[in-house]
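input.txt (compact mmCIF, C-alpha atoms and all ligand atoms) appears below.
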```txt
# COMPACT_ATOMS: atom_id res chain seq x y z
CA MET A 1 69.99 86.99 -60.78
CA SER A 2 67.21 84.41 -60.84
CA THR A 3 63.84 85.63 -62.07
CA VAL A 4 62.11 82.65 -60.41
CA THR A 5 60.68 83.52 -57.03
CA THR A 6 59.49 80.07 -55.86
CA THR A 7 61.82 77.30 -54.64
CA PRO A 8 63.10 75.37 -57.65
CA ALA A 9 61.90 71.75 -57.93
CA GLY A 10 64.37 68.92 -57.36
CA LYS A 11 66.02 67.34 -60.39
CA GLY A 12 63.54 65.28 -62.41
CA LEU A 13 60.66 67.05 -60.55
CA GLU A 14 61.07 64.48 -57.75
CA GLY A 15 58.37 64.80 -55.13
CA ILE A 16 56.56 67.61 -56.99
CA VAL A 17 52.78 67.43 -57.03
CA ALA A 18 51.95 68.82 -60.47
CA THR A 19 48.16 68.47 -60.60
CA THR A 20 45.11 67.06 -58.86
CA SER A 21 43.64 63.85 -60.24
CA SER A 22 40.86 61.41 -59.34
CA ILE A 23 42.18 58.52 -61.40
CA CYS A 24 45.08 56.78 -59.69
CA TYR A 25 46.06 56.54 -56.02
CA ILE A 26 49.63 55.56 -55.11
CA ASP A 27 51.19 55.22 -51.66
CA GLY A 28 54.87 54.64 -52.38
CA GLU A 29 55.75 53.90 -48.75
CA ARG A 30 53.12 51.18 -48.30
CA GLY A 31 53.28 49.87 -51.88
CA VAL A 32 49.64 50.71 -52.63
CA LEU A 33 48.27 51.28 -56.12
CA ALA A 34 44.56 51.80 -56.75
CA TYR A 35 42.49 52.90 -59.74
CA ARG A 36 39.63 55.19 -58.66
CA GLY A 37 40.34 54.00 -55.09
CA ILE A 38 40.06 50.27 -55.89
CA ASP A 39 43.17 48.34 -54.91
CA ILE A 40 45.17 46.87 -57.81
CA HIS A 41 45.23 43.45 -56.08
CA GLU A 42 41.42 43.27 -56.13
CA LEU A 43 41.34 44.39 -59.75
CA ALA A 44 44.04 41.92 -60.82
CA GLU A 45 42.25 39.06 -59.08
CA GLN A 46 38.65 39.85 -60.00
CA SER A 47 38.26 42.25 -62.92
CA THR A 48 38.97 42.33 -66.64
CA PHE A 49 40.81 44.88 -68.78
CA GLU A 50 37.50 46.07 -70.26
CA GLU A 51 36.11 46.70 -66.76
CA VAL A 52 39.26 48.63 -65.88
CA CYS A 53 38.92 50.75 -69.05
CA TYR A 54 35.37 51.59 -68.00
CA LEU A 55 36.52 52.43 -64.48
CA LEU A 56 39.28 54.73 -65.75
CA TRP A 57 37.15 56.50 -68.38
CA PHE A 58 33.84 56.80 -66.52
CA GLY A 59 34.97 56.90 -62.90
CA HIS A 60 33.06 53.90 -61.53
CA LEU A 61 32.77 50.15 -62.11
CA PRO A 62 30.28 49.29 -64.86
CA ASN A 63 27.06 47.38 -64.24
CA ARG A 64 26.40 44.40 -66.56
CA GLN A 65 24.76 46.48 -69.29
CA GLU A 66 27.40 49.20 -69.19
CA LEU A 67 30.14 46.59 -69.48
CA LYS A 68 28.37 44.83 -72.34
CA ASP A 69 27.99 48.15 -74.17
CA LEU A 70 31.66 49.01 -73.76
CA GLN A 71 32.73 45.53 -74.87
CA SER A 72 30.62 45.88 -78.03
CA ARG A 73 31.95 49.36 -78.74
CA LEU A 74 35.56 48.17 -78.36
CA ALA A 75 34.80 45.19 -80.62
CA GLU A 76 33.11 47.40 -83.26
CA GLU A 77 36.23 49.56 -83.40
CA ARG A 78 38.42 46.58 -84.34
CA HIS A 79 39.28 47.81 -87.80
CA LEU A 80 41.98 49.95 -89.36
CA ASP A 81 41.72 52.26 -92.34
CA PRO A 82 43.37 50.64 -95.40
CA ALA A 83 45.84 53.55 -95.47
CA ILE A 84 47.10 52.56 -91.99
CA LEU A 85 47.56 48.97 -93.14
CA ASP A 86 49.44 50.29 -96.21
CA PHE A 87 51.69 52.28 -93.89
CA LEU A 88 52.40 49.14 -91.83
CA ARG A 89 53.21 47.28 -95.06
CA THR A 90 55.56 49.99 -96.36
CA ALA A 91 57.40 50.66 -93.08
CA PRO A 92 60.90 49.17 -93.25
CA ARG A 93 60.99 45.62 -91.84
CA SER A 94 63.86 46.81 -89.68
CA ALA A 95 61.78 49.56 -88.06
CA LEU A 96 61.29 49.22 -84.31
CA PRO A 97 57.69 48.26 -83.54
CA MET A 98 57.53 51.09 -80.99
CA ASP A 99 58.50 53.64 -83.68
CA VAL A 100 55.98 52.19 -86.10
CA LEU A 101 53.31 52.40 -83.39
CA ARG A 102 54.15 56.06 -82.65
CA THR A 103 53.91 57.08 -86.31
CA ALA A 104 50.80 54.98 -87.00
CA VAL A 105 48.93 56.43 -84.00
CA SER A 106 49.76 59.92 -85.22
CA ALA A 107 48.38 58.99 -88.67
CA LEU A 108 45.18 57.52 -87.17
CA SER A 109 43.91 61.08 -86.69
CA PHE A 110 43.65 61.54 -90.51
CA TYR A 111 40.91 58.90 -90.60
CA ASP A 112 39.16 59.61 -87.29
CA ALA A 113 35.61 60.93 -87.60
CA ASP A 114 36.14 62.98 -84.42
CA ALA A 115 39.60 64.30 -85.32
CA ARG A 116 38.52 67.96 -85.20
CA LYS A 117 36.45 67.59 -82.03
CA ASN A 118 37.97 68.01 -78.60
CA ASP A 119 34.88 67.81 -76.35
CA HIS A 120 34.41 65.23 -73.58
CA ASP A 121 32.14 62.86 -75.54
CA ALA A 122 34.30 62.95 -78.67
CA ASN A 123 37.34 62.16 -76.55
CA ILE A 124 35.56 59.18 -74.95
CA ARG A 125 34.80 57.92 -78.47
CA LYS A 126 38.42 58.45 -79.48
CA SER A 127 39.64 56.64 -76.33
CA ILE A 128 37.59 53.56 -77.20
CA ARG A 129 38.63 53.68 -80.84
CA VAL A 130 42.35 54.18 -80.24
CA THR A 131 42.40 51.43 -77.58
CA SER A 132 41.15 48.94 -80.17
CA GLN A 133 43.34 50.34 -82.94
CA ILE A 134 46.60 50.28 -80.96
CA ALA A 135 46.23 46.54 -80.31
CA MET A 136 45.59 45.98 -84.02
CA ILE A 137 48.60 48.06 -85.08
CA VAL A 138 51.01 46.27 -82.73
CA ALA A 139 49.84 42.80 -83.79
CA GLY A 140 49.40 43.75 -87.48
CA TYR A 141 52.91 45.17 -87.89
CA ASP A 142 54.44 42.13 -86.21
CA ARG A 143 52.65 39.80 -88.67
CA ILE A 144 53.62 41.96 -91.66
CA ARG A 145 57.31 42.23 -90.73
CA LYS A 146 57.42 38.44 -90.38
CA GLY A 147 55.87 38.01 -93.84
CA LYS A 148 52.67 36.55 -92.37
CA PRO A 149 49.10 37.53 -93.34
CA VAL A 150 47.27 40.05 -91.16
CA VAL A 151 44.63 38.20 -89.10
CA ASN A 152 40.99 39.30 -89.06
CA PRO A 153 39.76 40.33 -85.62
CA ASP A 154 37.19 38.21 -83.79
CA ARG A 155 34.58 40.56 -82.33
CA SER A 156 33.31 37.90 -79.92
CA LEU A 157 36.64 37.77 -78.07
CA SER A 158 37.91 39.84 -75.16
CA HIS A 159 40.49 42.56 -75.82
CA ALA A 160 43.29 40.30 -74.52
CA ALA A 161 42.20 37.19 -76.46
CA ASN A 162 41.65 39.15 -79.67
CA PHE A 163 45.13 40.69 -79.37
CA LEU A 164 46.74 37.25 -78.98
CA LEU A 165 44.68 35.97 -81.93
CA LEU A 166 45.85 38.86 -84.12
CA LEU A 167 49.44 38.27 -83.04
CA ASN A 168 49.66 34.47 -83.26
CA GLY A 169 46.95 33.62 -85.77
CA GLU A 170 45.18 31.28 -83.36
CA LYS A 171 42.85 31.69 -80.41
CA PRO A 172 44.83 31.66 -77.15
CA SER A 173 44.33 29.18 -74.32
CA GLN A 174 42.27 30.42 -71.39
CA THR A 175 45.47 30.56 -69.30
CA ALA A 176 47.25 32.76 -71.86
CA GLU A 177 44.21 35.02 -72.27
CA ARG A 178 43.85 35.51 -68.52
CA ALA A 179 47.59 36.06 -68.06
CA LEU A 180 47.62 38.84 -70.67
CA ASP A 181 44.39 40.26 -69.28
CA ILE A 182 45.98 40.56 -65.82
CA ALA A 183 49.11 42.14 -67.31
CA LEU A 184 46.90 44.68 -69.12
CA ILE A 185 45.07 45.47 -65.87
CA LEU A 186 48.36 45.96 -64.01
CA HIS A 187 49.83 48.30 -66.64
CA ALA A 188 46.66 50.36 -67.27
CA ASP A 189 47.48 53.46 -65.25
CA HIS A 190 50.14 54.85 -62.95
CA GLU A 191 49.37 58.45 -62.05
CA LEU A 192 51.84 61.03 -63.41
CA ASN A 193 54.44 58.67 -64.86
CA ALA A 194 56.56 60.27 -67.60
CA SER A 195 54.38 59.24 -70.57
CA THR A 196 51.11 60.25 -68.91
CA PHE A 197 52.60 63.59 -67.91
CA ALA A 198 53.74 64.07 -71.54
CA ALA A 199 50.18 63.31 -72.71
CA ARG A 200 48.70 65.81 -70.25
CA VAL A 201 51.18 68.55 -71.20
CA THR A 202 50.26 68.14 -74.88
CA ALA A 203 46.52 67.96 -74.17
CA ALA A 204 46.73 71.08 -71.98
CA THR A 205 47.70 73.23 -74.97
CA LEU A 206 44.24 72.32 -76.36
CA SER A 207 45.94 70.23 -79.02
CA ASP A 208 44.13 66.91 -79.59
CA MET A 209 43.91 63.31 -78.34
CA HIS A 210 46.07 61.79 -81.10
CA SER A 211 48.82 64.36 -80.52
CA ALA A 212 48.72 63.69 -76.78
CA ILE A 213 48.95 59.92 -77.27
CA THR A 214 51.76 60.31 -79.80
CA SER A 215 53.69 62.33 -77.19
CA ALA A 216 53.02 59.62 -74.62
CA ILE A 217 54.24 56.80 -76.88
CA GLY A 218 57.47 58.71 -77.51
CA ALA A 219 58.02 59.04 -73.76
CA LEU A 220 57.13 55.42 -73.00
CA LYS A 221 59.78 54.14 -75.41
CA GLY A 222 62.78 55.15 -73.28
CA PRO A 223 64.63 52.53 -71.22
CA LEU A 224 64.10 54.51 -68.00
CA HIS A 225 60.33 54.07 -68.53
CA GLY A 226 58.48 51.45 -70.60
CA GLY A 227 61.55 50.37 -72.55
CA ALA A 228 62.91 48.70 -69.41
CA ASN A 229 60.95 45.45 -69.92
CA GLU A 230 62.72 44.81 -73.21
CA ALA A 231 66.10 45.66 -71.66
CA VAL A 232 65.41 43.12 -68.87
CA PHE A 233 64.80 40.33 -71.34
CA ARG A 234 67.92 41.13 -73.35
CA ILE A 235 69.93 40.62 -70.16
CA LEU A 236 68.18 37.31 -69.41
CA GLN A 237 68.87 36.18 -72.97
CA THR A 238 72.55 37.11 -72.75
CA ILE A 239 72.93 35.25 -69.47
CA ASP A 240 71.17 32.22 -70.98
CA SER A 241 73.19 32.18 -74.20
CA LYS A 242 76.52 32.62 -72.41
CA LYS A 243 75.48 30.10 -69.75
CA ALA A 244 76.64 32.76 -67.30
CA ASP A 245 75.82 32.87 -63.63
CA PRO A 246 72.98 35.44 -63.27
CA VAL A 247 74.37 36.87 -60.04
CA ASP A 248 77.91 37.22 -61.43
CA TYR A 249 76.52 38.90 -64.54
CA VAL A 250 74.53 41.47 -62.61
CA ARG A 251 77.36 42.00 -60.13
CA GLY A 252 79.48 42.87 -63.16
CA MET A 253 76.88 45.40 -64.32
CA LEU A 254 76.83 47.07 -60.93
CA SER A 255 80.63 47.20 -60.74
CA GLU A 256 80.56 49.04 -64.08
CA LYS A 257 78.07 51.48 -62.49
CA LYS A 258 75.34 50.33 -64.85
CA LYS A 259 71.72 50.40 -63.79
CA VAL A 260 69.97 47.03 -63.76
CA PRO A 261 66.76 47.38 -65.79
CA GLY A 262 63.60 46.37 -63.95
CA PHE A 263 64.79 47.64 -60.55
CA GLY A 264 64.18 50.84 -58.65
CA HIS A 265 61.32 53.26 -58.78
CA ARG A 266 60.85 56.98 -58.28
CA VAL A 267 57.73 56.53 -56.15
CA TYR A 268 57.79 53.05 -54.56
CA HIS A 269 60.18 52.54 -51.66
CA THR A 270 58.86 49.05 -51.10
CA GLU A 271 57.57 46.26 -53.35
CA ASP A 272 55.85 47.55 -56.49
CA PRO A 273 52.41 45.94 -56.06
CA ARG A 274 52.31 45.10 -59.78
CA ALA A 275 55.51 43.06 -59.46
CA THR A 276 53.78 40.86 -56.84
CA HIS A 277 51.39 39.51 -59.49
CA LEU A 278 53.85 39.42 -62.37
CA ARG A 279 56.31 37.38 -60.28
CA VAL A 280 53.67 34.68 -59.71
CA MET A 281 52.62 34.76 -63.36
CA SER A 282 56.21 34.46 -64.55
CA ARG A 283 56.76 31.46 -62.25
CA ASP A 284 53.51 29.64 -63.12
CA LEU A 285 53.59 30.29 -66.87
CA GLY A 286 57.29 29.34 -66.96
CA LYS A 287 56.47 25.98 -65.36
CA THR A 288 53.45 25.18 -67.54
CA SER A 289 55.20 26.21 -70.77
CA GLY A 290 58.30 24.14 -69.98
CA GLN A 291 60.52 27.25 -69.78
CA PRO A 292 61.21 27.66 -66.06
CA GLN A 293 64.72 29.06 -66.64
CA TRP A 294 63.62 32.67 -67.17
CA TYR A 295 61.85 32.83 -63.84
CA GLU A 296 64.67 30.98 -62.06
CA MET A 297 67.26 33.45 -63.39
CA SER A 298 65.03 36.40 -62.56
CA GLU A 299 64.51 35.19 -59.01
CA LYS A 300 68.27 34.93 -58.40
CA ILE A 301 68.85 38.41 -59.83
CA GLU A 302 66.04 39.86 -57.73
CA LYS A 303 67.43 38.39 -54.48
CA PHE A 304 70.92 39.66 -55.29
CA VAL A 305 69.91 43.21 -56.29
CA LYS A 306 67.71 43.49 -53.21
CA ALA A 307 70.53 42.36 -50.90
CA GLU A 308 73.25 44.36 -52.64
CA LYS A 309 71.48 47.62 -53.53
CA LYS A 310 68.25 47.47 -51.48
CA LEU A 311 66.35 47.95 -54.75
CA ASN A 312 63.01 46.26 -55.43
CA ALA A 313 61.88 44.77 -58.71
CA ASN A 314 59.45 47.04 -60.55
CA VAL A 315 56.61 46.28 -63.00
CA ASP A 316 59.05 45.70 -65.86
CA PHE A 317 61.21 43.03 -64.24
CA TYR A 318 58.83 40.07 -64.22
CA SER A 319 56.73 41.29 -67.14
CA ALA A 320 59.75 40.49 -69.36
CA SER A 321 59.78 36.74 -68.60
CA THR A 322 55.95 36.66 -68.49
CA TYR A 323 55.61 38.13 -71.99
CA HIS A 324 58.35 35.88 -73.34
CA VAL A 325 56.63 32.69 -72.25
CA LEU A 326 53.39 34.05 -73.73
CA GLY A 327 55.24 33.94 -77.08
CA ILE A 328 55.64 37.72 -77.45
CA ASP A 329 58.90 38.95 -79.08
CA GLU A 330 61.01 41.20 -76.87
CA ASP A 331 60.76 44.25 -79.13
CA LEU A 332 56.98 44.03 -78.69
CA PHE A 333 57.13 44.20 -74.89
CA THR A 334 57.01 48.00 -74.78
CA PRO A 335 54.31 48.23 -77.47
CA VAL A 336 52.28 45.74 -75.38
CA PHE A 337 52.73 48.12 -72.44
CA ALA A 338 51.13 50.78 -74.70
CA VAL A 339 48.29 48.37 -75.61
CA SER A 340 47.35 48.61 -71.92
CA ARG A 341 48.48 52.13 -70.92
CA ILE A 342 46.38 53.72 -73.67
CA SER A 343 43.47 53.32 -71.22
CA GLY A 344 45.21 55.44 -68.58
CA TRP A 345 46.64 57.99 -71.03
CA THR A 346 43.24 58.68 -72.54
CA ALA A 347 41.59 58.89 -69.09
CA HIS A 348 44.17 61.51 -68.07
CA VAL A 349 43.73 63.51 -71.29
CA ILE A 350 39.98 63.61 -70.67
CA GLU A 351 40.49 64.62 -67.03
CA GLN A 352 42.95 67.33 -68.08
CA LEU A 353 40.56 68.79 -70.66
CA ASP A 354 37.58 68.67 -68.30
CA ASP A 355 39.31 71.28 -66.12
CA ASN A 356 42.12 72.60 -68.27
CA ARG A 357 44.87 75.10 -67.71
CA LEU A 358 48.05 75.32 -69.79
CA ILE A 359 50.94 73.41 -68.14
CA ARG A 360 53.88 75.77 -68.28
CA PRO A 361 56.43 75.59 -65.47
CA ARG A 362 59.58 77.73 -65.15
CA ALA A 363 63.28 76.91 -65.30
CA GLU A 364 65.88 78.29 -62.92
CA TYR A 365 68.27 80.14 -65.21
CA MET A 366 71.91 79.05 -64.80
CA GLY A 367 73.45 80.57 -67.95
CA PRO A 368 75.75 83.60 -68.54
CA GLU A 369 74.75 86.59 -66.45
CA TYR A 370 72.27 89.04 -67.92
CA PRO A 371 72.99 91.36 -69.70
CA ASN A 372 75.53 89.42 -71.76
CA ARG A 373 76.14 91.75 -74.71
CA TYR A 374 75.81 90.76 -78.36
CA VAL A 375 79.23 90.92 -80.04
CA PRO A 376 79.15 91.53 -83.83
CA ILE A 377 80.64 88.56 -85.72
CA ASP A 378 83.79 90.37 -86.97
CA ARG A 379 84.72 91.27 -83.38
CA ARG A 380 84.44 87.73 -81.89
C1 LIG A 401 63.18 53.90 -62.34
C2 LIG A 401 64.34 54.85 -62.22
C3 LIG A 401 64.49 55.62 -63.55
C4 LIG A 401 64.04 55.85 -61.10
O1 LIG A 401 65.00 56.81 -61.16
P1 LIG A 401 65.29 57.93 -60.06
O2 LIG A 401 64.16 58.06 -59.12
O3 LIG A 401 65.71 59.13 -60.83
O4 LIG A 401 66.47 57.31 -59.23
P2 LIG A 401 68.01 57.50 -59.56
O5 LIG A 401 68.31 57.09 -60.96
O6 LIG A 401 68.40 58.88 -59.16
O7 LIG A 401 68.62 56.44 -58.57
C5 LIG A 401 68.90 56.67 -57.18
C6 LIG A 401 70.10 55.80 -56.80
O8 LIG A 401 69.74 54.42 -56.95
C7 LIG A 401 70.55 53.80 -57.95
N1 LIG A 401 69.68 53.01 -58.80
C8 LIG A 401 68.37 53.28 -59.12
N2 LIG A 401 67.92 52.33 -59.94
C9 LIG A 401 68.92 51.47 -60.13
C10 LIG A 401 69.03 50.29 -60.87
N3 LIG A 401 68.00 49.84 -61.59
N4 LIG A 401 70.19 49.62 -60.86
C11 LIG A 401 71.22 50.08 -60.14
N5 LIG A 401 71.18 51.19 -59.41
C12 LIG A 401 70.04 51.89 -59.41
C13 LIG A 401 71.14 54.95 -58.76
O9 LIG A 401 72.35 54.59 -59.37
C14 LIG A 401 71.31 55.99 -57.70
O10 LIG A 401 72.44 55.69 -56.93
P3 LIG A 401 73.43 56.84 -56.41
O11 LIG A 401 72.57 57.72 -55.54
O12 LIG A 401 74.49 56.08 -55.71
O13 LIG A 401 73.89 57.55 -57.65
C15 LIG A 401 65.65 54.10 -61.89
O14 LIG A 401 65.47 53.33 -60.73
C16 LIG A 401 66.11 53.25 -63.06
O15 LIG A 401 66.81 53.76 -63.95
N6 LIG A 401 65.74 51.93 -63.07
C17 LIG A 401 66.08 51.07 -64.18
C18 LIG A 401 65.13 51.32 -65.35
C19 LIG A 401 63.74 50.81 -65.05
O16 LIG A 401 63.55 49.70 -64.60
N7 LIG A 401 62.73 51.63 -65.40
C20 LIG A 401 61.35 51.27 -65.26
C21 LIG A 401 60.69 51.96 -64.10
S1 LIG A 401 59.07 51.33 -63.80
```
Could you render the structure as C-alpha cells?
Ligand SMILES: CC(C)(COP(=O)(O)OP(=O)(O)OC[C@H]1O[C@@H](n2cnc3c(N)ncnc32)[C@H](O)[C@@H]1OP(=O)(O)O)[C@@H](O)C(=O)NCCC(=O)NCCS
Amino acid sequence: MSTVTTTPAGKGLEGIVATTSSICYIDGERGVLAYRGIDIHELAEQSTFEEVCYLLWFGHLPNRQELKDLQSRLAEERHLDPAILDFLRTAPRSALPMDVLRTAVSALSFYDADARKNDHDANIRKSIRVTSQIAMIVAGYDRIRKGKPVVNPDRSLSHAANFLLLLNGEKPSQTAERALDIALILHADHELNASTFAARVTAATLSDMHSAITSAIGALKGPLHGGANEAVFRILQTIDSKKADPVDYVRGMLSEKKKVPGFGHRVYHTEDPRATHLRVMSRDLGKTSGQPQWYEMSEKIEKFVKAEKKLNANVDFYSASTYHVLGIDEDLFTPVFAVSRISGWTAHVIEQLDDNRLIRPRAEYMGPEYPNRYVPIDRR
C-alpha cells in the first residue's frame, strides 16, 4: 500500500540527520555544544554576543578590525522605519509581544533595501539589520504597551547594553550587561532545533530572509520550544504567590501527567551545557538583587525532577529566573530568546542558500486504502 520505499522516520523526526551543516556541533551524550567547533563554555566565559554573531555568519572569530566593523554596522542599523513604530503603537496593548514581533519582522521586509535580493552578501546585510531591528522591536513594543516613551538607541553601547537601555530607559550596570550578553551567547544557535529547521525549510523554497525568520519566530513561540522559559516562570510565580512547597507543586504536576517546563531535551541525555552557566547566573544575580527565592525554588525543583524522572534542566529552566531578576517581564522571555537566536537563524538561512536544494520529505500514508471511490453527494 505504501508508496514510500525508505524506512519511515521516527515520530517527530527523532534521530534523523536532515542536512549537513558547519555551524553548530552538539554531542548529546557528553553534553557538548560548540559554535564552529568552539566550545560554548569558552565562548560564554570569554567572548561577546557580537563576536559570536561574527563567528556564526562568517565562519571564524573576528580580528580586532573585523569585530569593530561588525559592531559599527550593528550600531548603524539601530533604527526602525516610522511605519514599524506606527505598527507597534497601533497593535492592541493586549497583544502578546511574541505575536507582535512575528508580525513586525514580516513587515520589516517592506522597508528593507535588500528585500528583493537573495544573494549571499545581501543576506549578510539583512542578518545584521534584522539582528539590530529585532532588539529594537522587542524593547520598543514593551515601552509602548506600558505607556512609556520609546528610548533612542545609544550607538556606543554593546548589543546587550543597548537592548537593556531601550527596555528600561537607563544604561544597565556592568553586571546586568554581562549577564544578558552571556545569555545571548548561550541562546545564539542550536543546530536543527524546530525554529531553525522551519527557517531552513522556508529559505529552501528560494523565498526570502524575512519569510524564513517569520517562520522561525512562529515555531519558537510554542511551549515545547522557546515558550518554555515563560512557562517556567509562571510556575515559579504560582508557587511563590501560593506559598506552596516547590517539590509538592511539581509532584502534583507529574501526578497529573503534566510535563514540567524547562526539563528534558530531544538531544541532550546529560546536562544541557547552557544550563550550567544559567544556573550560576540565576544564583548570583538572585543574591545581588535581593531576590534569592527564585533560584532557591528552582534548585529544589531541579533536584526533585532529576531524582524522580531522571530529567535534566534545559536552557529554559534557569533562564526564567535569570531574566526575571534582570527586570525583564515574563512575556518578553521568549522574544528575548529571539533577540539572540536571530544570529543562528540567519546563519542557517545563509548556509542553506549557499548550497540549496528544496526540503521536501515524504509522509507514510495511513489513510483509507487507495482507490477509495468518490461517492456523489446524493448517494452518501
Ligand atoms: C523538550 C521536549 C519537547 C523533548 O521532547 P521529546 O524528545 O519529544 O520527548 P518526549 O516528550 O517524547 O518525552 C519522553 C518521555 O519523557 C517524559 N518527559 C519529557 N520531558 C518531560 C518534562 N519536561 N516533564 C515531565 N516529563 C517529561 C515524557 O512524558 C515521556 O515520558 P513517557 O515515555 O513515559 O511518555 C520535552 O522534554 C518537553 O516537553 N519538555 C518541556 C518543555 C521544554 O522545556 N521545552 C524546551 C526545550 S529546550
Show which residues sit within 9 Å of segment 332-342 of chain A, as a count of residues only. Count all atoms listed in the file, and ignore same-chain residues fewer than 6 positions away. 37
Can you pull out every residue within 8 Å of segment 234-249 of chain A, counting all atoms listed in the file, but drop anything in the same chain fewer than 5 positions away, and send it as a PyMOL selection string? chain A and resi 294+297-298+300-301+304+330
Show me a table, sorted first by chain and then by increasing residue number, of the residues of chain A having an atom at most 7 Å from ligand LIG 401 (chain A), each with its shortest atom pair and the distance in Å to one decimal, counting all atoms listed in the file and written as a Markdown table.
```
| residue | atom | partner | partner_atom | distance |
| --- | --- | --- | --- | --- |
| A:Gly12 | CA | A:LIG401 | O3 | 6.7 |
| A:Pro223 | CA | A:LIG401 | C18 | 6.0 |
| A:Leu224 | CA | A:LIG401 | N7 | 4.1 |
| A:His225 | CA | A:LIG401 | C20 | 4.4 |
| A:Gly226 | CA | A:LIG401 | C20 | 6.1 |
| A:Ala228 | CA | A:LIG401 | C19 | 4.9 |
| A:Leu254 | CA | A:LIG401 | C11 | 6.4 |
| A:Lys258 | CA | A:LIG401 | C11 | 6.3 |
| A:Lys259 | CA | A:LIG401 | N4 | 3.4 |
| A:Val260 | CA | A:LIG401 | N4 | 3.9 |
| A:Pro261 | CA | A:LIG401 | C17 | 4.1 |
| A:Gly262 | CA | A:LIG401 | O16 | 3.4 |
| A:Phe263 | CA | A:LIG401 | N3 | 4.0 |
| A:Gly264 | CA | A:LIG401 | O14 | 3.5 |
| A:His265 | CA | A:LIG401 | C1 | 4.1 |
| A:Arg266 | CA | A:LIG401 | O2 | 3.6 |
| A:Lys309 | CA | A:LIG401 | N5 | 6.9 |
| A:Leu311 | CA | A:LIG401 | C9 | 6.9 |
| A:Asn314 | CA | A:LIG401 | S1 | 5.4 |
| A:Val315 | CA | A:LIG401 | S1 | 5.7 |
| A:Asp316 | CA | A:LIG401 | S1 | 6.0 |
```
Nearby residues (only C-alpha atoms) at most 12 Å from Arg36 of chain A, same-chain spacing under 6 positions excluded, as a PyMOL selection string: chain A and resi 21-26+43+52-61+189-191+344+347
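Going from atom CA of Leu353 of chain A over to atom CA of Asn118 of chain A, you cover 8.4 Å.
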From the list A:Leu180, A:Ile377, A:Ala9, A:Ile84, which residue is nearest Thr48 of chain A when using only C-alpha atoms? A:Leu180
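Pairwise distance (atom CA of Gly290 of chain A, atom CA of Leu167 of chain A) equals 21.2 Å.
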Residues near Glu42 of chain A, cut-off 12 Å, only C-alpha atoms, skip fewer than 5 positions along chain, as an MDAnalysis selection string: chainID A and resid 32:35 37 47:48 52 182 185:186 273:274 277
Considering all atoms listed in the file, can you say which of A:Ile124, A:Met136, A:Ile38, A:Val232 comes closest to Leu80 of chain A? A:Met136
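If you measure from each of A:Val305, A:Gln133, A:Leu85, A:Asp39 to Asp27 of chain A using all atoms listed in the file, the closest one turns out to be A:Asp39.
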